[in-house]
$ cat coords.cif   # mmCIF, C-alpha atoms and all ligand atoms
data_work
loop_
_atom_site.label_atom_id
_atom_site.label_comp_id
_atom_site.auth_asym_id
_atom_site.auth_seq_id
_atom_site.Cartn_x
_atom_site.Cartn_y
_atom_site.Cartn_z
CA MET A 242 8.70 -5.44 -10.00
CA ASN A 243 5.76 -3.65 -11.59
CA LEU A 244 3.90 -1.71 -8.90
CA ASP A 245 0.51 -0.08 -9.18
CA PHE A 246 -0.28 2.74 -6.72
CA ARG A 247 -4.02 2.83 -5.99
CA ARG A 248 -6.16 4.85 -3.62
CA PRO A 249 -8.02 2.80 -0.96
CA ALA A 250 -11.42 1.71 -2.26
CA MET A 251 -14.18 -0.60 -1.06
CA ASP A 252 -13.59 -3.16 -3.82
CA LEU A 253 -9.95 -3.50 -2.73
CA ILE A 254 -10.80 -4.42 0.88
CA PRO A 255 -10.22 -8.22 0.51
CA ALA A 256 -6.72 -7.53 -0.86
CA PHE A 257 -6.02 -5.11 2.01
CA GLU A 258 -7.19 -7.66 4.59
CA ALA A 259 -4.93 -10.37 3.14
CA PHE A 260 -2.04 -7.86 3.19
CA ARG A 261 -2.68 -6.76 6.77
CA ASP A 262 -3.08 -10.32 8.09
CA ALA A 263 0.30 -11.37 6.66
CA PHE A 264 2.27 -9.05 8.97
CA LEU A 265 4.55 -10.57 11.58
CA PRO A 266 3.97 -10.17 15.32
CA THR A 267 7.44 -8.58 15.51
CA ASP A 268 6.63 -5.89 12.90
CA VAL A 269 5.87 -2.28 13.77
CA ASP A 270 2.07 -2.07 14.15
CA MET A 271 0.88 0.20 11.37
CA TRP A 272 -2.81 0.08 12.39
CA SER A 273 -3.02 1.43 15.93
CA GLY A 274 -4.31 4.66 17.43
CA VAL A 275 -6.20 6.72 14.85
CA PHE A 276 -5.57 4.00 12.25
CA GLU A 277 -7.05 1.22 14.38
CA SER A 278 -10.00 0.87 12.01
CA GLY A 279 -7.52 -0.78 9.62
CA ARG A 280 -7.85 -3.76 11.95
CA THR A 281 -11.36 -3.43 13.28
CA ASN A 282 -13.49 -1.83 10.56
CA VAL A 283 -11.88 -1.62 7.14
CA PRO A 284 -14.79 0.16 5.36
CA ALA A 285 -14.44 2.92 7.99
CA TYR A 286 -10.67 2.91 7.35
CA VAL A 287 -11.25 3.41 3.61
CA GLU A 288 -13.69 6.20 4.33
CA GLN A 289 -11.23 7.82 6.75
CA ALA A 290 -8.46 7.63 4.13
CA GLY A 291 -10.67 9.60 1.71
CA ARG A 292 -11.36 12.29 4.30
CA LEU A 293 -7.72 12.37 5.38
CA ALA A 294 -6.56 13.03 1.82
CA CYS A 295 -8.89 16.05 1.69
CA GLY A 296 -7.67 17.38 5.06
CA GLU A 297 -11.08 16.82 6.62
CA ILE A 298 -9.78 15.30 9.87
CA GLU A 299 -8.79 18.18 12.05
CA ALA A 300 -6.44 16.28 14.36
CA LEU A 301 -4.34 14.98 11.46
CA VAL A 302 -2.44 16.69 8.67
CA PRO A 303 -3.78 15.99 5.15
CA THR A 304 -2.38 12.61 4.14
CA ASP A 305 -2.47 10.54 0.95
CA THR A 306 -2.82 6.81 1.39
CA PHE A 307 -1.76 4.47 -1.41
CA TRP A 308 -2.37 0.75 -1.61
CA VAL A 309 0.46 -0.64 -3.66
CA PHE A 310 -0.28 -3.65 -5.84
CA SER A 311 1.85 -6.23 -7.56
CA GLY A 312 -0.68 -7.82 -9.92
CA GLU A 313 -3.79 -8.58 -7.87
CA GLU A 314 -1.91 -8.77 -4.57
CA MET A 315 -1.34 -5.90 -2.22
CA ALA A 316 2.40 -5.64 -1.50
CA GLY A 317 2.56 -2.40 0.46
CA GLU A 318 0.83 0.56 2.03
CA LEU A 319 2.16 4.11 1.80
CA HIS A 320 1.19 7.28 3.66
CA VAL A 321 2.33 10.69 2.43
CA ARG A 322 1.71 13.57 4.84
CA HIS A 323 1.38 16.85 2.99
CA TYR A 324 3.25 18.87 5.64
CA LEU A 325 4.52 18.43 9.19
CA ARG A 326 3.26 19.40 12.59
CA LYS A 327 5.34 19.35 15.76
CA THR A 328 4.92 15.72 16.88
CA LEU A 329 5.63 14.46 13.36
CA LEU A 330 9.01 16.19 13.53
CA ARG A 331 9.92 13.80 16.33
CA HIS A 332 8.31 10.66 14.99
CA GLY A 333 6.46 9.82 11.81
CA GLY A 334 7.78 12.48 9.45
CA HIS A 335 6.30 12.94 5.99
CA ILE A 336 6.22 9.35 4.78
CA GLY A 337 5.25 6.01 6.30
CA TYR A 338 5.42 2.63 4.56
CA SER A 339 4.98 -1.04 5.19
CA VAL A 340 5.53 -4.08 2.99
CA GLN A 341 4.06 -7.51 3.54
CA PRO A 342 6.71 -10.10 4.44
CA LYS A 343 6.70 -12.14 1.24
CA PHE A 344 7.43 -9.03 -0.88
CA ARG A 345 10.32 -7.80 1.26
CA SER A 346 13.95 -7.32 0.18
CA ARG A 347 12.84 -6.83 -3.41
CA GLY A 348 12.98 -3.04 -3.48
CA VAL A 349 9.26 -2.42 -2.86
CA ALA A 350 9.74 0.00 0.06
CA THR A 351 12.46 1.82 -1.85
CA ALA A 352 10.10 2.29 -4.83
CA MET A 353 7.33 3.43 -2.47
CA LEU A 354 9.57 5.98 -0.75
CA ARG A 355 10.65 7.35 -4.14
CA PHE A 356 6.99 7.62 -5.18
CA GLY A 357 6.24 9.45 -1.91
CA ILE A 358 9.06 11.91 -2.54
CA ASP A 359 7.69 12.62 -6.03
CA ARG A 360 4.29 13.29 -4.47
CA LEU A 361 5.83 15.73 -1.95
CA ARG A 362 7.53 17.55 -4.83
CA GLU A 363 4.10 18.01 -6.46
CA LEU A 364 2.84 19.37 -3.15
CA GLY A 365 5.70 21.90 -2.97
CA GLU A 366 7.65 20.50 -0.03
CA VAL A 367 11.41 21.11 -0.08
CA ASP A 368 12.73 18.28 2.12
CA ALA A 369 11.14 15.02 3.17
CA LEU A 370 11.61 14.11 6.82
CA VAL A 371 11.60 10.33 7.24
CA THR A 372 12.01 8.60 10.60
CA CYS A 373 12.49 5.04 11.78
CA ASP A 374 13.00 3.21 15.01
CA GLU A 375 16.70 2.95 15.88
CA GLY A 376 16.57 -0.84 15.47
CA ASN A 377 14.75 -0.88 12.12
CA VAL A 378 17.76 -1.71 9.97
CA ALA A 379 15.74 -2.45 6.82
CA SER A 380 13.92 0.88 6.97
CA ALA A 381 17.16 2.80 7.62
CA ARG A 382 18.67 1.08 4.57
CA VAL A 383 15.69 2.14 2.42
CA ILE A 384 15.94 5.76 3.58
CA GLU A 385 19.71 5.93 3.06
CA ARG A 386 19.40 4.45 -0.43
CA CYS A 387 16.91 7.19 -1.30
CA GLY A 388 19.45 9.86 -0.33
CA GLY A 389 18.51 10.35 3.33
CA VAL A 390 20.93 12.56 5.26
CA ARG A 391 20.90 11.79 8.96
CA ILE A 392 20.00 14.56 11.41
CA PRO A 393 19.97 14.25 15.23
CA ASP A 394 17.84 11.42 16.59
CA SER A 395 14.66 12.07 18.50
CA ILE A 396 13.09 10.19 21.36
CA ALA A 397 9.55 8.96 20.78
CA HIS A 398 7.61 6.38 22.81
CA GLY A 399 10.66 6.16 25.08
CA ARG A 400 12.96 4.95 22.27
CA PRO A 401 15.51 6.65 20.03
CA HIS A 402 14.36 7.25 16.46
CA ARG A 403 16.63 7.94 13.54
CA ARG A 404 15.65 10.97 11.51
CA TYR A 405 16.70 11.74 7.96
CA LEU A 406 16.12 14.55 5.48
CA ILE A 407 15.78 13.71 1.80
CA PRO A 408 15.96 16.65 -0.64
CA VAL A 409 12.73 16.61 -2.59
C1 LIG A 501 11.00 -1.74 6.54
C2 LIG A 501 10.27 -2.37 5.33
C3 LIG A 501 9.21 -1.38 4.87
C4 LIG A 501 11.29 -2.63 4.22
O1 LIG A 501 10.59 -3.07 3.06
P1 LIG A 501 11.33 -3.79 1.83
O2 LIG A 501 10.40 -3.78 0.69
O3 LIG A 501 11.87 -5.08 2.29
O4 LIG A 501 12.53 -2.78 1.55
P2 LIG A 501 13.55 -2.82 0.31
O5 LIG A 501 13.53 -4.16 -0.32
O6 LIG A 501 13.28 -1.64 -0.56
O7 LIG A 501 14.95 -2.56 1.04
C5 LIG A 501 15.26 -3.22 2.24
C6 LIG A 501 16.75 -3.24 2.43
O8 LIG A 501 17.06 -3.62 3.78
C7 LIG A 501 17.81 -4.82 3.78
N1 LIG A 501 17.38 -5.57 4.94
C8 LIG A 501 16.23 -6.19 5.17
N2 LIG A 501 16.22 -6.74 6.40
C9 LIG A 501 17.42 -6.47 6.95
C10 LIG A 501 18.04 -6.77 8.19
N3 LIG A 501 17.40 -7.45 9.13
N4 LIG A 501 19.29 -6.33 8.39
C11 LIG A 501 19.95 -5.62 7.45
N5 LIG A 501 19.42 -5.29 6.25
C12 LIG A 501 18.16 -5.71 6.01
C13 LIG A 501 17.47 -5.49 2.47
O9 LIG A 501 18.47 -6.40 2.11
C14 LIG A 501 17.41 -4.29 1.54
O10 LIG A 501 18.70 -3.78 1.25
P3 LIG A 501 19.45 -4.16 -0.13
O11 LIG A 501 18.48 -3.97 -1.24
O12 LIG A 501 20.61 -3.26 -0.17
O13 LIG A 501 19.83 -5.61 0.01
C15 LIG A 501 9.60 -3.71 5.73
O14 LIG A 501 10.55 -4.53 6.36
C16 LIG A 501 8.39 -3.57 6.63
O15 LIG A 501 7.28 -3.35 6.16
N6 LIG A 501 8.56 -3.69 7.95
C17 LIG A 501 7.45 -3.57 8.90
C18 LIG A 501 6.88 -2.16 8.93
C19 LIG A 501 7.94 -1.10 9.09
O16 LIG A 501 8.91 -1.28 9.81
N7 LIG A 501 7.76 0.02 8.38
C20 LIG A 501 8.70 1.14 8.42
C21 LIG A 501 8.42 2.00 9.59
S1 LIG A 501 9.63 3.32 9.65
#

$ encode --input "coords.cif" --output "structure tokens" --more "lines below"
Ligand SMILES: CC(C)(COP(=O)(O)OP(=O)(O)OC[C@H]1O[C@@H](n2cnc3c(N)ncnc32)[C@H](O)[C@@H]1OP(=O)(O)O)[C@@H](O)C(=O)NCCC(=O)NCCS
Amino acid sequence: MNLDFRRPAMDLIPAFEAFRDAFLPTDVDMWSGVFESGRTNVPAYVEQAGRLACGEIEALVPTDTFWVFSGEEMAGELHVRHYLRKTLLRHGGHIGYSVQPKFRSRGVATAMLRFGIDRLRELGEVDALVTCDEGNVASARVIERCGGVRIPDSIAHGRPHRRYLIPV
């Protein structure tokens, strides 16, 4: 599948909203906590993504956000954290991704993770830490296919999380 990695922008908001609204109630919620504006105020979310990429939000490490398009439809969202702080070592790691249900099992997340690893190489990181909930079989499969080597699990939000290192 041909994928186009774009930075969040105001003119892409309708595509983002269609993407976000297609998620299943059983999916991990990608837009909670500091990312809640992805649900409640998307222009603010776009603005936050711009500031986040420049490291202008003190509580968060600098992070690139990519909206990943297949044609005119948004298939996935990718976050690449430029480096890690303590809590991210337990949960979150360098890279976060989500794919809307109708695009799943077609290699989109795998392509996004590979893109994220390339970005970390540009930033000078040596290993990518990628984590997923113990029960997230699809995400574990994606990480393992990208060369993830399992390291001891962590506990976050009261649940075990798998952790992997991928040489960058
Ligand atoms: C996890 C997620 C990103 C995977 O996206 P995707 O584009 O479907 O991933 P890919 O197609 O690259 O690879 C998925 C792999 O898992 C497999 N898979 C999918 N669901 C599965 C399941 N329930 N059990 C076992 N394997 C499963 C697929 O078959 C595929 O493996 P294969 O290519 O060897 O057949 C997507 O399911 C998602 O967005 N989930 C909700 C948000 C989320 O969990 N994000 C990750 C947080 S760590």

$ residues_around --input "coords.cif" --residues "segment 262-265 of chain A" --least-positions-apart "2" --cutoff "10 Å" --atoms "all atoms listed in the file" --output "VMD selection string"
chain A and resid 257 to 260 267 to 271 280 339 to 343

$ closest_atom_pairs --input "coords.cif" --of "chain A" --to "ligand LIG 501 (chain A)" --cutoff "10 Å" --atoms "only C-alpha atoms and all ligand atoms" --output "Markdown table"
| residue | atom | partner | partner_atom | distance |
| --- | --- | --- | --- | --- |
| A:Phe264 | CA | A:LIG501 | C17 | 7.5 |
| A:Leu265 | CA | A:LIG501 | C17 | 8.0 |
| A:Pro266 | CA | A:LIG501 | C17 | 9.8 |
| A:Thr267 | CA | A:LIG501 | C17 | 8.3 |
| A:Asp268 | CA | A:LIG501 | C17 | 4.7 |
| A:Val269 | CA | A:LIG501 | C18 | 4.9 |
| A:Asp270 | CA | A:LIG501 | C18 | 7.1 |
| A:Met271 | CA | A:LIG501 | C18 | 6.9 |
| A:Ala316 | CA | A:LIG501 | O2 | 8.5 |
| A:Gly317 | CA | A:LIG501 | O15 | 7.5 |
| A:Glu318 | CA | A:LIG501 | O15 | 8.6 |
| A:Leu319 | CA | A:LIG501 | C3 | 9.4 |
| A:His332 | CA | A:LIG501 | S1 | 9.2 |
| A:Gly333 | CA | A:LIG501 | S1 | 7.5 |
| A:Gly334 | CA | A:LIG501 | S1 | 9.3 |
| A:Ile336 | CA | A:LIG501 | S1 | 8.5 |
| A:Gly337 | CA | A:LIG501 | C21 | 6.1 |
| A:Tyr338 | CA | A:LIG501 | N7 | 5.2 |
| A:Ser339 | CA | A:LIG501 | O15 | 3.4 |
| A:Val340 | CA | A:LIG501 | O15 | 3.7 |
| A:Gln341 | CA | A:LIG501 | O15 | 5.9 |
| A:Pro342 | CA | A:LIG501 | O15 | 7.0 |
| A:Lys343 | CA | A:LIG501 | O3 | 8.8 |
| A:Phe344 | CA | A:LIG501 | O2 | 6.2 |
| A:Arg345 | CA | A:LIG501 | O3 | 3.3 |
| A:Ser346 | CA | A:LIG501 | O5 | 3.2 |
| A:Arg347 | CA | A:LIG501 | O5 | 4.1 |
| A:Gly348 | CA | A:LIG501 | O6 | 3.3 |
| A:Val349 | CA | A:LIG501 | O2 | 4.0 |
| A:Ala350 | CA | A:LIG501 | O2 | 3.9 |
| A:Thr351 | CA | A:LIG501 | O6 | 3.8 |
| A:Ala352 | CA | A:LIG501 | O6 | 6.6 |
| A:Met353 | CA | A:LIG501 | O6 | 8.0 |
| A:Leu354 | CA | A:LIG501 | O6 | 8.5 |
| A:Val371 | CA | A:LIG501 | S1 | 7.7 |
| A:Thr372 | CA | A:LIG501 | S1 | 5.9 |
| A:Cys373 | CA | A:LIG501 | S1 | 4.0 |
| A:Asp374 | CA | A:LIG501 | S1 | 6.3 |
| A:Glu375 | CA | A:LIG501 | S1 | 9.4 |
| A:Gly376 | CA | A:LIG501 | N3 | 9.2 |
| A:Asn377 | CA | A:LIG501 | O16 | 6.3 |
| A:Val378 | CA | A:LIG501 | N4 | 5.1 |
| A:Ala379 | CA | A:LIG501 | O8 | 3.5 |
| A:Ser380 | CA | A:LIG501 | C1 | 3.9 |
| A:Ala381 | CA | A:LIG501 | O8 | 7.5 |
| A:Arg382 | CA | A:LIG501 | O8 | 5.0 |
| A:Val383 | CA | A:LIG501 | O7 | 5.0 |
| A:Ile384 | CA | A:LIG501 | O7 | 8.8 |
| A:Glu385 | CA | A:LIG501 | C6 | 9.7 |
| A:Arg386 | CA | A:LIG501 | O12 | 7.8 |
| A:Cys387 | CA | A:LIG501 | O6 | 9.6 |
| A:His402 | CA | A:LIG501 | S1 | 9.2 |
| A:Arg403 | CA | A:LIG501 | S1 | 9.2 |
| A:Arg404 | CA | A:LIG501 | S1 | 9.9 |

$ closest_residue --input "coords.cif" --among "A:Asp252, A:Leu301, A:Gly389, A:Lys327" --to "Leu406 of chain A" --atoms "all atoms listed in the file"
A:Gly389

$ closest_residue --input "coords.cif" --among "A:Pro408, A:Gly312, A:Gly399, A:Pro255" --to "Arg331 of chain A" --atoms "all atoms listed in the file"
A:Gly399

$ axis_aligned_box --input "coords.cif" --around "segment 280-283 of chain A" --padding-each-side "8 Å" --output "JSON"
{"center_x": -10.7, "center_y": -2.7, "center_z": 10.2, "size_x": 21.6, "size_y": 18.1, "size_z": 22.1}

$ decode --input "coords.cif" --residues "segment 272-335 of chain A" --atoms "C-alpha atoms" --output "mmCIF file, in the first residue's frame"
data_model
loop_
_atom_site.group_PDB
_atom_site.id
_atom_site.type_symbol
_atom_site.label_atom_id
_atom_site.label_comp_id
_atom_site.auth_asym_id
_atom_site.auth_seq_id
_atom_site.Cartn_x
_atom_site.Cartn_y
_atom_site.Cartn_z
ATOM 1 C CA TRP A 272 -6.609 10.269 22.694
ATOM 2 C CA SER A 273 -6.755 10.497 26.471
ATOM 3 C CA GLY A 274 -4.824 12.488 29.055
ATOM 4 C CA VAL A 275 -2.647 15.133 27.406
ATOM 5 C CA PHE A 276 -3.925 14.024 23.985
ATOM 6 C CA GLU A 277 -7.592 14.440 24.910
ATOM 7 C CA SER A 278 -7.941 17.390 22.542
ATOM 8 C CA GLY A 279 -7.790 14.799 19.741
ATOM 9 C CA ARG A 280 -11.363 14.035 20.791
ATOM 10 C CA THR A 281 -12.606 17.341 22.106
ATOM 11 C CA ASN A 282 -10.852 20.104 20.151
ATOM 12 C CA VAL A 283 -8.955 18.977 17.076
ATOM 13 C CA PRO A 284 -7.623 22.431 16.051
ATOM 14 C CA ALA A 285 -6.019 22.611 19.522
ATOM 15 C CA TYR A 286 -4.669 19.082 18.976
ATOM 16 C CA VAL A 287 -3.061 20.152 15.683
ATOM 17 C CA GLU A 288 -1.584 23.193 17.357
ATOM 18 C CA GLN A 289 -0.285 21.065 20.242
ATOM 19 C CA ALA A 290 1.326 18.634 17.768
ATOM 20 C CA GLY A 291 3.269 21.542 16.230
ATOM 21 C CA ARG A 292 4.511 22.703 19.625
ATOM 22 C CA LEU A 293 5.287 19.145 20.703
ATOM 23 C CA ALA A 294 7.497 18.584 17.660
ATOM 24 C CA CYS A 295 9.515 21.672 18.639
ATOM 25 C CA GLY A 296 9.845 20.544 22.270
ATOM 26 C CA GLU A 297 7.769 23.480 23.475
ATOM 27 C CA ILE A 298 5.643 21.486 25.935
ATOM 28 C CA GLU A 299 7.711 21.131 29.045
ATOM 29 C CA ALA A 300 5.908 18.120 30.515
ATOM 30 C CA LEU A 301 6.431 16.045 27.360
ATOM 31 C CA VAL A 302 9.514 15.003 25.429
ATOM 32 C CA PRO A 303 9.756 16.434 21.890
ATOM 33 C CA THR A 304 7.548 14.244 19.708
ATOM 34 C CA ASP A 305 6.841 14.075 15.974
ATOM 35 C CA THR A 306 3.276 13.301 14.993
ATOM 36 C CA PHE A 307 2.530 11.910 11.528
ATOM 37 C CA TRP A 308 -0.869 11.462 9.958
ATOM 38 C CA VAL A 309 -0.513 8.575 7.564
ATOM 39 C CA PHE A 310 -2.608 8.648 4.417
ATOM 40 C CA SER A 311 -3.635 6.064 1.887
ATOM 41 C CA GLY A 312 -4.950 8.264 -0.924
ATOM 42 C CA GLU A 313 -7.297 10.811 0.654
ATOM 43 C CA GLU A 314 -8.086 8.626 3.666
ATOM 44 C CA MET A 315 -6.212 8.658 6.919
ATOM 45 C CA ALA A 316 -5.117 5.097 7.729
ATOM 46 C CA GLY A 317 -2.917 5.660 10.763
ATOM 47 C CA GLU A 318 -1.372 7.983 13.296
ATOM 48 C CA LEU A 319 2.244 7.743 14.425
ATOM 49 C CA HIS A 320 4.084 9.383 17.317
ATOM 50 C CA VAL A 321 7.881 9.383 17.464
ATOM 51 C CA ARG A 322 9.378 10.543 20.767
ATOM 52 C CA HIS A 323 12.835 11.970 20.265
ATOM 53 C CA TYR A 324 14.232 10.497 23.497
ATOM 54 C CA LEU A 325 12.958 8.806 26.642
ATOM 55 C CA ARG A 326 12.214 9.929 30.150
ATOM 56 C CA LYS A 327 11.659 7.613 33.098
ATOM 57 C CA THR A 328 7.922 6.876 32.782
ATOM 58 C CA LEU A 329 8.284 6.199 29.048
ATOM 59 C CA LEU A 330 10.771 3.441 29.888
ATOM 60 C CA ARG A 331 7.920 1.619 31.612
ATOM 61 C CA HIS A 332 5.148 2.397 29.182
ATOM 62 C CA GLY A 333 4.988 4.244 25.892
ATOM 63 C CA GLY A 334 8.580 3.982 24.709
ATOM 64 C CA HIS A 335 9.791 5.875 21.649
#
